[in-house]
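Participant: If you scroll down you'll find the structure; I have some questions about it.
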Amino acid sequence: MFSNYLIGLREGLEASLVVCILIAYLVKTGRRDALKPIWLGIGVAIVLAMGFGCALEFGSQELTFKAQEGLGGSLSIIAVGLVTWMVFWMRRTARHLKSELHGRLDAALAMGTGALVATAFLAVGREGLETALFVWASVHAAGDGTPRPLIGAALGLATAVLLGWLFYQGALRINLAKFFTWTGGMLVVVAAGVLAYGVHDLQEAGLVPGLTSLAFDISGVIPPDSWYGTLLKGVLNFQPDPTVLQLTVWLLYLVPVLTLFLLDPGVTAKLRGRKRAESTSG
């Protein structure tokens, strides 16, 4: 439940901040006439994201077991790829998000109503589709048959909307760089678990070998149906009996990706500068 709350909070707040920045800019520049096309684009993006989520959920139910596992595993891997790209992108652009959106909005205002609708739709739609896909993959990985994952995602989105409203009203100041760094790091951990479950789904579908080769089995120590087993699975997508391939993929993703993500951008820039200076002097 916590992992889905985190997904809803992270993606929802990103979308809420985008909406706040767009609306605030139009109000401050006296272009309230452009608010309707912006809200229209936002509404279309929300409907599209909800429709995409419903299509994933109800469409997959008509498939055979192996087809469901194959689809679930493939979409889980795609979702992890999208989320990984998103957290790195936001890590780099959080400080300049406002100026970037203002530039896009100025260009859209010059082009007309259709451009305004498209700007709002594209700004919010990407987060909506990513949220729908990653929440579906995370719920599919949890597989506990309860509505808790969906409740967690809904609570995360509700919290994001509230924070966005407070941010717009000036009652809240958010250090976007720090917020997206901490939540991004936690999302990388969640994504590693979703990736491991995606590989397991592909193994159950018979598309990837090694289903019976377990790395370890500590189900006796941490029963999956215990409160702490459920907690670990809900927070970290923990599995007490992973296959060798699952554990390998989990480690190969988590260690380098989390290290690169948490690496100080300033340190990275200095290292690049040193390399350039050395290559120039050489």
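Just so we're on the same page: first chain in the structure tokens is A, next is B, and so on; residues restart at 1 for each chain, and ligands are numbered from 1 in the order they show up.
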Any idea what's packed within 8 Å of range 240-253 of chain A, counting only C-alpha atoms, ignoring anything in its chain fewer than 2 positions away? Could you give it as a list in words?
Facilitator: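 The filter keeps Ala192, Gly193, Leu195, Ala196, Tyr197, Val199, His200, Gly210, Leu211, Thr212, Ser213, Leu214, Ala215, Phe216, Asp217, Ile218, Ser219, Ile222, Pro223, Pro224, Phe238, Val255, Pro256 and Val257 of chain A.
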Participant: Any idea what's packed within 12 Å of Ala24 in chain A, counting only C-alpha atoms, ignoring anything in its chain fewer than 4 positions away? Could you give it as a ChimeraX atom specification?
Facilitator: /A:16-20,28-32,34-35,38,98,101-102,105,164-165,167-170
Participant: Write a file of the selected residues as a CSV table (one decimal), in the first residue's frame, keeping C-alpha atoms.
Facilitator:
chain,number,residue,atom,x,y,z
A,16,SER,CA,-0.3,19.2,-9.7
A,17,LEU,CA,2.7,21.5,-9.7
A,18,VAL,CA,2.5,21.6,-13.5
A,19,VAL,CA,-1.1,22.7,-13.3
A,20,CYS,CA,-0.4,25.2,-10.6
A,28,LYS,CA,-0.6,36.8,-13.2
A,29,THR,CA,-0.3,37.8,-16.8
A,30,GLY,CA,-4.0,38.7,-17.1
A,31,ARG,CA,-4.8,35.9,-19.5
A,32,ARG,CA,-7.8,34.3,-17.7
A,34,ALA,CA,-7.0,31.0,-21.7
A,35,LEU,CA,-7.9,29.1,-18.5
A,38,ILE,CA,-6.0,24.7,-20.2
A,98,LYS,CA,8.7,26.8,-13.9
A,101,LEU,CA,6.6,25.6,-18.6
A,102,HIS,CA,6.4,29.4,-19.0
A,105,LEU,CA,2.9,28.5,-22.5
A,164,GLY,CA,-0.7,21.4,-5.1
A,165,TRP,CA,-3.6,23.6,-3.9
A,167,PHE,CA,1.4,25.4,-3.1
A,168,TYR,CA,-0.8,27.5,-5.4
A,169,GLN,CA,-2.3,29.5,-2.5
A,170,GLY,CA,1.2,30.3,-1.2
Participant: Out of range 30-277 of chain A, which residues get helix (DSSP H, G or I) from DSSP, as number ranges by chain?
Facilitator: A: 32-60, 65-111, 113-142, 148-169, 176-204, 227-236, 244-262, 265-277
Participant: With only C-alpha atoms as the counted atoms, please give the residues lying no more than 12 Å from Glu57 in chain A, apart from itself and same-chain residues fewer than 2 positions off, as number ranges by chain.
Facilitator: A: 50-55, 59-63, 68, 71-72, 75, 132-133, 135-137, 139-140, 150
Participant: Between A:Ile21, A:Met90, A:Ala67, A:Val188, which is the closest to Gln203 in chain A once you count only C-alpha atoms?
Facilitator: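 When distances to Gln203 in chain A are compared using only C-alpha atoms, the smallest one comes from A:Ala67.
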Participant: Using only C-alpha atoms, pick whichever of A:Ser138, A:Thr119, A:Thr181, A:Ser76 has the shortest atom-to-atom distance to Lys233 in chain A.
Facilitator: A:Ser138
Participant: Between A:Leu13, A:Leu40, A:Ile7, A:Leu82, which residue has the minimum interatomic distance to Val117 in chain A, considering only C-alpha atoms?
Facilitator: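 Residue with the minimum atom-to-atom distance to Val117 in chain A: A:Leu40.
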Participant: Using only C-alpha atoms, which residue out of A:Leu122, A:Ile23, A:Ala115, A:Met86 lies closest to Trp39 in chain A?
Facilitator: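 So, comparing all the options, the nearest one is A:Ile23.
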Participant: With a distance cut-off of 9 Å and only C-alpha atoms, select the neighbouring residues of Gly152 in chain A, excluding the residue or stretch itself and same-chain residues fewer than 2 positions from it, and output the selection as a CSV table (one decimal) with N, CA, C and O atoms, in the first residue's frame.
Facilitator:
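To be explicit, this is the file written out as part.csv:
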chain,number,residue,atom,x,y,z
A,1,MET,N,0.8,-1.2,0.0
A,1,MET,CA,0.0,0.0,0.0
A,1,MET,C,0.9,1.3,0.0
A,1,MET,O,0.6,2.2,-0.7
A,2,PHE,N,2.0,1.2,0.8
A,2,PHE,CA,2.8,2.4,0.9
A,2,PHE,C,3.5,2.7,-0.5
A,2,PHE,O,3.6,3.9,-0.9
A,3,SER,N,3.9,1.6,-1.2
A,3,SER,CA,4.6,1.9,-2.5
A,3,SER,C,3.6,2.5,-3.5
A,3,SER,O,4.0,3.4,-4.2
A,4,ASN,N,2.4,2.1,-3.4
A,4,ASN,CA,1.4,2.7,-4.3
A,4,ASN,C,1.0,4.1,-3.9
A,4,ASN,O,0.7,5.0,-4.7
A,5,TYR,N,1.0,4.4,-2.6
A,5,TYR,CA,0.8,5.7,-2.1
A,5,TYR,C,2.0,6.6,-2.6
A,5,TYR,O,1.7,7.8,-3.0
A,6,LEU,N,3.2,6.1,-2.5
A,6,LEU,CA,4.3,6.9,-3.0
A,6,LEU,C,4.2,7.2,-4.5
A,6,LEU,O,4.5,8.3,-4.9
A,7,ILE,N,3.8,6.2,-5.3
A,7,ILE,CA,3.6,6.4,-6.7
A,7,ILE,C,2.6,7.5,-7.0
A,7,ILE,O,2.8,8.4,-7.7
A,8,GLY,N,1.4,7.4,-6.3
A,8,GLY,CA,0.4,8.4,-6.5
A,8,GLY,C,0.8,9.8,-6.0
A,8,GLY,O,0.6,10.8,-6.7
A,147,PRO,N,-8.2,-4.4,-2.1
A,147,PRO,CA,-8.2,-3.1,-2.8
A,147,PRO,C,-7.1,-2.1,-2.1
A,147,PRO,O,-7.1,-1.0,-2.5
A,148,ARG,N,-6.3,-2.6,-1.2
A,148,ARG,CA,-5.3,-1.8,-0.5
A,148,ARG,C,-4.4,-1.0,-1.5
A,148,ARG,O,-4.1,0.2,-1.3
A,149,PRO,N,-3.8,-1.7,-2.5
A,149,PRO,CA,-2.9,-1.0,-3.4
A,149,PRO,C,-3.6,0.2,-4.1
A,149,PRO,O,-3.0,1.3,-4.2
A,150,LEU,N,-4.8,0.0,-4.5
A,150,LEU,CA,-5.6,1.1,-5.2
A,150,LEU,C,-5.9,2.2,-4.2
A,150,LEU,O,-5.9,3.4,-4.6
A,154,ALA,N,-4.8,6.0,-4.5
A,154,ALA,CA,-5.8,7.1,-4.5
A,154,ALA,C,-5.5,8.1,-3.4
A,154,ALA,O,-5.6,9.3,-3.5
A,155,LEU,N,-5.0,7.6,-2.2
A,155,LEU,CA,-4.6,8.5,-1.1
A,155,LEU,C,-3.4,9.3,-1.5
A,155,LEU,O,-3.3,10.5,-1.1
A,156,GLY,N,-2.5,8.7,-2.2
A,156,GLY,CA,-1.3,9.5,-2.7
A,156,GLY,C,-1.7,10.6,-3.6
A,156,GLY,O,-1.2,11.7,-3.5
A,157,LEU,N,-2.6,10.3,-4.6
A,157,LEU,CA,-3.1,11.3,-5.5
A,157,LEU,C,-3.9,12.5,-4.8
A,157,LEU,O,-3.7,13.6,-5.1
